[in-house]
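For reference, the structure discussed in these notes is given below.
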Number of protein chains: 2
Amino acid sequence: MPNKADAIPDRGARYALSWQNELANGMQIPRYARETLTLNRLKVRQIAMQGKVVKKVSMSDIARVTGLSTMTVSRVLRDDEFGTEMTRKRVLAAAKKLNYEVNFIARQLKANQIFQLGVILSFEGLLGQHYFGQVLQGIQQVLTGTDYHVVLLDSKAEDFDDPQKCASFCRERHAGGLIVVAPRKDELYPSNFIDLKLPLVIVGRPFEHQSTSYVDVDNYGGACAMTDYLIRLGHTEIGFLKGPSELHDASQRELGYRKTMAKHKLLVQEKWVMQGDYELRKAFHICLQLLAQSDRPTAIFAANDQMAYGVIDAAQILGLRVPEDLSVGGFDDIEGSAEFVPALTTIAQPMQDIGRVAARYLLEVLDKSNVSSVLHQKLHTRLVIRSSASPPNGPMSASVRTRRNRPSP
Amino acid sequence: MPNKADAIPDRGARYALSWQNELANGMQIPRYARETLTLNRLKVRQIAMQGKVVKKVSMSDIARVTGLSTMTVSRVLRDDEFGTEMTRKRVLAAAKKLNYEVNFIARQLKANQIFQLGVILSFEGLLGQHYFGQVLQGIQQVLTGTDYHVVLLDSKAEDFDDPQKCASFCRERHAGGLIVVAPRKDELYPSNFIDLKLPLVIVGRPFEHQSTSYVDVDNYGGACAMTDYLIRLGHTEIGFLKGPSELHDASQRELGYRKTMAKHKLLVQEKWVMQGDYELRKAFHICLQLLAQSDRPTAIFAANDQMAYGVIDAAQILGLRVPEDLSVGGFDDIEGSAEFVPALTTIAQPMQDIGRVAARYLLEVLDKSNVSSVLHQKLHTRLVIRSSASPPNGPMSASVRTRRNRPSP
DNA sequence: GCTCGCGACGCTATCGGTAACATAAAACTC
DNA sequence: GAGTTTTATGTTACCGATAGCGTCGCGAGC
C-alpha cells in the first residue's frame, strides 16, 4: 500500500495522501481534514462494531471513513473530473468497500424530479398482448442506462376515469412523464391526462386533440402498400380480413385497403371483406368457408399475421396451395412469420420503435424542460416480400377449383 | 361565512375559529397561533402574487394559509381522528383549495421505505403472454388502495445476470420487495436475487432453494385430476400434448399425466405423447396427422387450452365429432374456453390468484417487518367439466374410423 | 512583497414529510 | 383549588443528497 503513494502526482498530494499514509507520517494534511479524521476513526469503529449491516451506508459513511466531507463524496461520485486523483481513489475505494448504493429516493427529492415514466394501459387486455410487450421493450431499451424506470399504472385499479384522480395520482406518486397506450378508436380516455401538465405521449393511435403528442404506426400507409403490392402482382380479386373494429389500427388498415382498391379502380367485393378479431382461429374458420366456395378471391390481405396464418392453414386444408392458388398478405411481421411455411409476405411494423420514440421524446422533454415541442409521429412501415404472395396463377388455380369442395361437411 | 361560526361546537372553538373569524374578532386564538398567523399573511400574499403555480404546494403552504404548523397539517391529513373539527375543516379546505398533493418521494425518504414492488421477468417473451398479464392483474388488485406500485424491471435491460448489479439496482432504486416471474425450469436466474435481503417471491415454479418464498399453481395435481377424470369416463387410450419442455409447468403437467396413467395401470403410448409449444397451430397440425391414423387415442389431454382448441379444430376438420368420437381436455380455463364450441372441459388455473397471493405476502412482510415467515404455496386447480369430454363412444367412433383417411393429401 | 485568481474542498441550508419530544390550556380528580 | 391527565398543537431534528457560497493554500503577475 505505501508504495502506491510514490505514484501520487505532486499536485494532488498537496491536500491528501491515502488515509493510511496520513496516519503513518501525519504530513501534508490540511488542518481541517486532520480534525475530522481522528474524530472519524471513532465513528468508523462504532459502525464496524455493529456487526451486520443494519442500516444502509450513505454518503456520510463514506465521508467519515475517508475523512472527507459528504459534499466531496457526492461530487466525486457524480463528476468524473472532480478532485485530486488521490481523493477520487479514496472515495471510490471506500464506496466499493462499504458497498455504497445511491439512494435514488433522496436524489429525487432534492432534485424535485421523478425518474419514472408511468405507462398506462387503457384497458386490461393489453397487458397480455404481443404489441404491448414490444412497445414496452422499446421503452426499456431507451431507458437502459438512464436513471429512469417504468411504473405500470393500472387504469382500472386506480379509477382513472375521474380526471381529478388520475391527475393527483400521477403527480403525487410516480411519474415524471406518461405514456398512455390507448389503441381504441373511440376512447375519450386519454383526454383525462392532457391537463396534467406532465409530459405525455399517446401511443397506439394519432390523437389530434390540442397539442398532445402521440406516436403511432402508419397503419393506413402500410395497408396501402400491401394492397398495392398485391395489385401489382396482378391480383384483382382481393379479399380482406378485418381486425376488431374498435381498434384504431384495424380500421386504418381497412381504410388503406379500400382506398387503394378504389385508386386502382378495383371493386371491393363486400362478401370478401370479413370481420376477424386478430386471432388465428376465427380467421381460419371464416376462410374455411370462404375458400370452399367456387367464387373466391385470388388473394387475401389479412389485417395481421396471426390471421394470415389462419388463412393459409385454411387454404392448405382445402388443398389450395399458397401462393400458387391463393396469395396471402399479413401485417405486423411478428416473430415467426419469416419461418412460417410459406414464409409470410407482410408489412413490418416497428412496434419496438414506437416505445423507443415515445420514451426518447419524454426523456428529452424532461431533461431539457423543453416543453414546447410536440411530437406527432407516424412511424413508417415496410413491405416485407417473402413467399406467401405471387402473381395469380390462372390455370393452376382453375385446376384446383374443380376439386375445391370435396372436404366440406 | 360568519354564520358558520355559530355551528362550531364549543369544544373545538376553544382553540381556533375559522381563519376569517379569527381576523374579524381576534378572540379565542392562542397566542402562538396569533403570531404565526400575522406572519403568514404576508407569505401567503407573496405566493399569490407569483400568479401561476410555479412550485407544487407542500404542507408548509397549507400550514401558512391556515396558520397552523406543518405537523398539524401532516397529522390531520393522515389521521382521520386527529384534531378539532374546526382545525380539520380548515386544513382539509385549504388542501383542497390549494390543490395539495402528497409528495410520496419525501414520504418514502423519511420512512426509509420504498412503496414499490419490482416485478422482474426472467425472459422477454413473458411480457406479451396471457399468463403474465393475469398475474400482474392479480398483483394490481391487491395493491389498489395501498401506497404500493408496480415497477417493471427488465431483466435484459439491466444486466441482471450479474448478481452484484441486480442487487444494487433493486435496492438503489425502486423496490421494497420483488416478484420474480421465472417459469423456466432450469433457470439459475432467481438465485441472483435471494441474497438481496429484500422480500422476494418467486412466481411460476416452486423454488426449493433455501428459505425463498414462492407461489405456484399445482400443475401436477391439476394434470392428475384431468387424467383421472378422463380415465373415469372410461378412456384407456389417452394421448397427451405437451407444452414447451423448458417450462416448469409444462413438465409438471406431463408428469401428472404419466403418473396418473401409471396409477391406473394404463400404458402410455409414446406415439400419442406429442411435443407442442402451447400454441394452437402446432397442436392443430400435429393432431391433423395423428388423428388421421386408424390407430388413435379416444381422448387427448392438451397441456393448455390453446392447444386443446387446435386439437378440436383438427378433429373437426377430419370429420371427428368432439366429444363423441374424441374427448379433449385442456388446462388453464382461459377466457373463451367456456364459449368455445364444444365448451372446453379443462383445469382452471387461478392465475390472478398467483399475483394476489404473492403481492399480499410481500405487503405483509413489508408492513410488519415480519421477515421470518416464508411462503411456499401451491395454489389449487379446479376441474371444470364442460362438454368436450365424454365417455368413449365405441360404435360411434368405429363408424367414423372407416371414413377417417378421406381428406388426407 | 502583495494582490488576484483558481483549484480543492467544507459548511449550511434545503427538498417535503414525519417521529419524538415539548408545551399550553382545558378537563378531571379528590 | 392544587395536582394530574388529556387534548391540541408546536419545535426540533432528522431521512440522504446536493446547490450555493465560503475558505484555504498556492502560484502567477506586477
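Residues are named by chain letter and number: chains run A, B, ... in the order of the C-alpha cells, numbers start at 1 in each chain, and ligands are numbered from 1 in the order shown.
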For DC9 in chain C, find every residue with an atom within 9 Å (counting only C-alpha atoms (C1' of nucleotides)), except residues of its own chain fewer than 3 positions away, and show them as a VMD selection string. (chain A and resid 68 to 69 71 to 72 83) or (chain D and resid 23 to 24)
Residues as selected, C-alpha atoms (C1' of nucleotides), written as a CSV table (one decimal), in the first residue's frame, can you do that?
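That gives us out_18.csv:
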```csv
chain,number,residue,atom,x,y,z
A,68,LEU,CA,-13.7,14.0,3.6
A,69,SER,CA,-17.0,15.8,3.6
A,71,MET,CA,-20.1,17.1,-0.4
A,72,THR,CA,-16.8,16.0,-1.8
A,83,GLY,CA,-11.0,16.3,-7.3
D,23,DT,C1',-12.5,29.1,2.8
D,24,DC,C1',-7.9,27.5,2.4
```
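By only C-alpha atoms (C1' of nucleotides), and with residues fewer than 5 positions from DT4 in chain D along its chain excluded, the set lying at most 12 Å from it is DA27, DC28, DT29 and DC30 of chain C.
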Given only C-alpha atoms (C1' of nucleotides), how would the per-residue table for chain B near chain C read, listing every residue at most 7 Å away with its closest atom pair and distance in Å to one decimal, sorted by chain and number, as JSON lines?
```
{"residue": "B:Ser58", "atom": "CA", "partner": "C:DG16", "partner_atom": "C1'", "distance": 6.8}
{"residue": "B:Asn103", "atom": "CA", "partner": "C:DG16", "partner_atom": "C1'", "distance": 6.7}
{"residue": "B:Ala106", "atom": "CA", "partner": "C:DG16", "partner_atom": "C1'", "distance": 5.1}
{"residue": "B:Arg107", "atom": "CA", "partner": "C:DG17", "partner_atom": "C1'", "distance": 5.4}
{"residue": "B:Lys110", "atom": "CA", "partner": "C:DG17", "partner_atom": "C1'", "distance": 6.5}
```
Per residue of chain D within 10 Å of chain A, note the shortest atom pair and the distance in Å to one decimal, counting only C-alpha atoms (C1' of nucleotides), and order the rows by chain and increasing residue number, as a Markdown table.
```
| residue | atom | partner | partner_atom | distance |
| --- | --- | --- | --- | --- |
| D:DC15 | C1' | A:Ala106 | CA | 8.0 |
| D:DG16 | C1' | A:Ala106 | CA | 5.2 |
| D:DA17 | C1' | A:Arg107 | CA | 5.3 |
| D:DT18 | C1' | A:Lys110 | CA | 6.8 |
| D:DA19 | C1' | A:Lys110 | CA | 9.7 |
| D:DC24 | C1' | A:Pro30 | CA | 8.7 |
| D:DG25 | C1' | A:Arg14 | CA | 9.0 |
| D:DC26 | C1' | A:Arg14 | CA | 9.6 |
```
Can you write just those residues out, N, CA and C atoms (P, O5', C5', C4', C3', O3' and C1' of nucleotides), as a JSON list (two decimals), in the first residue's frame?
```json
[["chain", "number", "residue", "atom", "x", "y", "z"],
["D", 15, "DC", "P", -30.36, 10.97, 9.74],
["D", 15, "DC", "O5'", -31.13, 9.84, 8.95],
["D", 15, "DC", "C5'", -32.51, 9.57, 9.07],
["D", 15, "DC", "C4'", -33.15, 9.44, 7.70],
["D", 15, "DC", "C3'", -32.16, 9.50, 6.55],
["D", 15, "DC", "O3'", -31.95, 8.20, 6.03],
["D", 15, "DC", "C1'", -34.04, 10.97, 6.18],
["D", 16, "DG", "P", -30.44, 7.71, 5.83],
["D", 16, "DG", "O5'", -30.01, 8.42, 4.48],
["D", 16, "DG", "C5'", -30.64, 8.05, 3.27],
["D", 16, "DG", "C4'", -30.27, 9.06, 2.22],
["D", 16, "DG", "C3'", -28.76, 9.24, 2.01],
["D", 16, "DG", "O3'", -28.50, 8.92, 0.66],
["D", 16, "DG", "C1'", -29.87, 11.33, 2.15],
["D", 17, "DA", "P", -27.09, 9.24, -0.01],
["D", 17, "DA", "O5'", -27.41, 10.58, -0.77],
["D", 17, "DA", "C5'", -28.46, 10.56, -1.73],
["D", 17, "DA", "C4'", -28.65, 11.92, -2.35],
["D", 17, "DA", "C3'", -27.39, 12.49, -3.01],
["D", 17, "DA", "O3'", -27.75, 12.96, -4.29],
["D", 17, "DA", "C1'", -28.29, 14.04, -1.46],
["D", 18, "DT", "P", -26.67, 13.60, -5.24],
["D", 18, "DT", "O5'", -26.83, 15.16, -4.98],
["D", 18, "DT", "C5'", -28.08, 15.77, -5.25],
["D", 18, "DT", "C4'", -27.99, 17.24, -4.95],
["D", 18, "DT", "C3'", -26.76, 17.94, -5.54],
["D", 18, "DT", "O3'", -27.21, 19.18, -6.06],
["D", 18, "DT", "C1'", -26.93, 18.41, -3.27],
["D", 19, "DA", "P", -26.51, 19.72, -7.37],
["D", 19, "DA", "O5'", -26.82, 21.28, -7.27],
["D", 19, "DA", "C5'", -28.17, 21.72, -7.17],
["D", 19, "DA", "C4'", -28.21, 23.07, -6.50],
["D", 19, "DA", "C3'", -27.23, 24.09, -7.06],
["D", 19, "DA", "O3'", -27.88, 25.37, -7.06],
["D", 19, "DA", "C1'", -26.78, 23.74, -4.76],
["D", 24, "DC", "P", -10.01, 30.07, 6.28],
["D", 24, "DC", "O5'", -8.89, 29.07, 5.82],
["D", 24, "DC", "C5'", -9.21, 27.67, 5.67],
["D", 24, "DC", "C4'", -8.33, 27.09, 4.59],
["D", 24, "DC", "C3'", -6.91, 27.66, 4.55],
["D", 24, "DC", "O3'", -6.00, 26.63, 4.82],
["D", 24, "DC", "C1'", -7.87, 27.52, 2.37],
["D", 25, "DG", "P", -4.46, 27.03, 5.12],
["D", 25, "DG", "O5'", -3.79, 26.74, 3.70],
["D", 25, "DG", "C5'", -3.87, 25.42, 3.17],
["D", 25, "DG", "C4'", -3.33, 25.45, 1.76],
["D", 25, "DG", "C3'", -1.94, 26.09, 1.64],
["D", 25, "DG", "O3'", -1.12, 25.20, 0.92],
["D", 25, "DG", "C1'", -3.45, 27.08, 0.10],
["D", 26, "DC", "P", 0.44, 25.50, 0.82],
["D", 26, "DC", "O5'", 0.55, 25.99, -0.68],
["D", 26, "DC", "C5'", 0.08, 25.14, -1.73],
["D", 26, "DC", "C4'", -0.03, 25.95, -3.00],
["D", 26, "DC", "C3'", 1.25, 26.73, -3.35],
["D", 26, "DC", "O3'", 1.70, 26.31, -4.62],
["D", 26, "DC", "C1'", -0.68, 28.06, -3.60]]
```
Quick one: pick out all alpha helix (DSSP H) residues within range 229-322 of chain A from a backbone DSSP run and write them as JSON, numbers by chain. {"A": [229, 230, 231, 232, 233, 248, 249, 250, 251, 252, 253, 254, 255, 256, 257, 258, 259, 260, 261, 262, 263, 280, 281, 282, 283, 284, 285, 286, 287, 288, 289, 290, 291, 292, 305, 306, 307, 308, 309, 310, 311, 312, 313, 314, 315, 316, 317]}
Fewer than 5 positions away in the same chain doesn't count, so skip those; otherwise give me all residues within 9 Å of Gln140 in chain B, counting only C-alpha atoms (C1' of nucleotides), as a PyMOL selection string. (chain A and resi 153-154+157) or (chain B and resi 135+149-150+355-356+359)
Contact set, chain A to chain B: 9 Å, only C-alpha atoms, as number ranges by chain: A: 99-106, 108-109, 112, 114, 124-134, 136-137, 140-141, 143-145, 147, 149-154, 157-158, 168-169, 171-174, 280-281, 309-310, 313, 317-319, 406-409
For Glu246 in chain B: contacts at 12 Å, only C-alpha atoms (C1' of nucleotides), fewer than 2 positions along chain excluded, given as a PyMOL selection string: chain B and resi 182-187+205+242-244+248-252+275-278
Identify, on the basis of only C-alpha atoms (C1' of nucleotides), every residue whose closest approach to Leu98 in chain A does not exceed 10 Å; exclude the query and any residue fewer than 2 positions from it along the same chain; express the result as number ranges by chain. A: 53, 56-58, 61-62, 65, 92-96, 100-101
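CA of Ala175 in chain B is found 28.7 Å from CA of Val73 in chain B.
Going from CA of Asp332 in chain A to CA of Asp305 in chain A covers 6.0 Å.
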